[in-house]
Amino acid sequence: MSAASTPTTFVFEVLTLFPEMVRQAVSHSILGRAIASGAIAVRVRDIRDQTTDRHRTADDVPYGGGAGMVMKVPPVAKCVRSARAAAPGAPVVLLSASGRLFSQADARRFAAGTGLVLVCGHYEGVDERVAEHYVDEEVAIGDYVLSGGEVPALAVLDAVARLLPGVVGNSGSLLEESHEGGMLEYPQYTRPAEFEGHGVPEVLLSGNHGEVAKWRKAAARAKTVRNRPDLAAHLPPEPEPKRKGAGRPPRLGRPPEGGGR
Ligand SMILES: C[S@@+](CC[C@H](N)C(=O)[O-])C[C@H]1O[C@@H](n2cnc3c(N)ncnc32)[C@H](O)[C@@H]1O
């Protein structure tokens, strides 16, 4: 399908001081194909194009002193204004280590719209007036500090894009992914059935779809309890097992009967 024939192209506007970082990253794999098919458009804006001095200065020393440089308001504000005009109605999100934590629910909310504007900070961050007056939301992708907003913007862009129609080949798989329904995804395995003594749960080789489904449900719960007790605390109580045996999830990574380590 050509880009021109796709009626609903979701538009991402990415505002950055390092446009090539973003252009490069979105040109591969699922995002690259989504752009080629017209399911999404990614427009990258160089914030420095909005500077007015001959050195294209986009940052300055912090008021009150301190280490590092702070991104100036005027070029960012002007760049946001241009992006808003080009993507009317799209929420404008500043990537920030001190923002609210981004979640799958946010990805779904953004994907329900027609576009998204992502503003990348760099250096010591962005003059706070941008967060206060020029963007709609301020989000962090985790409780850690990265060097710039480009990687976080790409994370958000990717999370949103894969929820859009025509981006992921098998959209059925999205329903079972981690963080859909408050649980992590069940463990996945592929061939070979045994490698260096490590087998895969036998039920997955049984061809019994009912038992596989039961095992996956239980294994997803077990993994959520083990890796994310914060999520597990919100799960409904576990249903009573109907019978012992095949439906019970084996310990993850356990070799098949007779398989040594
Ligand atoms: C080095 S960081 C600035 C950190 C800032 N001085 C602080 O302590 O909160 C530079 C830029 O990277 C981005 N960034 C860093 N960590 C992030 C995170 N966890 N989530 C979202 N953006 C992040 C933001 O755009 C930020 O302006």
# chains A, B, ... in the order shown; residues from 1 in each chain; ligands from 1
>>> residues_near_ligand(ligand="ligand 1", cutoff="8 Å", atoms="only C-alpha atoms and all ligand atoms", output="JSON, numbers by chain")
{"A": [94, 95, 96, 97, 98, 99, 101, 119, 120, 121, 122, 123, 124, 125, 126, 139, 140, 141, 142, 143, 144, 145, 146, 147, 148, 149, 150, 151, 152, 153]}
>>> select_by_dssp(residues="region 74-233 of chain A", states="strand (DSSP E or B)", output="count of residues only")
26
>>> atom_distance(atom1="CA of Thr9 (chain A)", atom2="CA of Asp49 (chain A)")
25.6 Å
>>> residues_around(residues="Ala193 (chain A)", least_positions_apart="3", cutoff="10 Å", atoms="only C-alpha atoms", output="PyMOL selection string")
chain A and resi 189-190+197-202+204-205+255-256
>>> closest_residue(among="A:Ala112, A:Val22, A:Leu15, A:Val203", to="Lys78 (chain A)", atoms="only C-alpha atoms")
A:Leu15
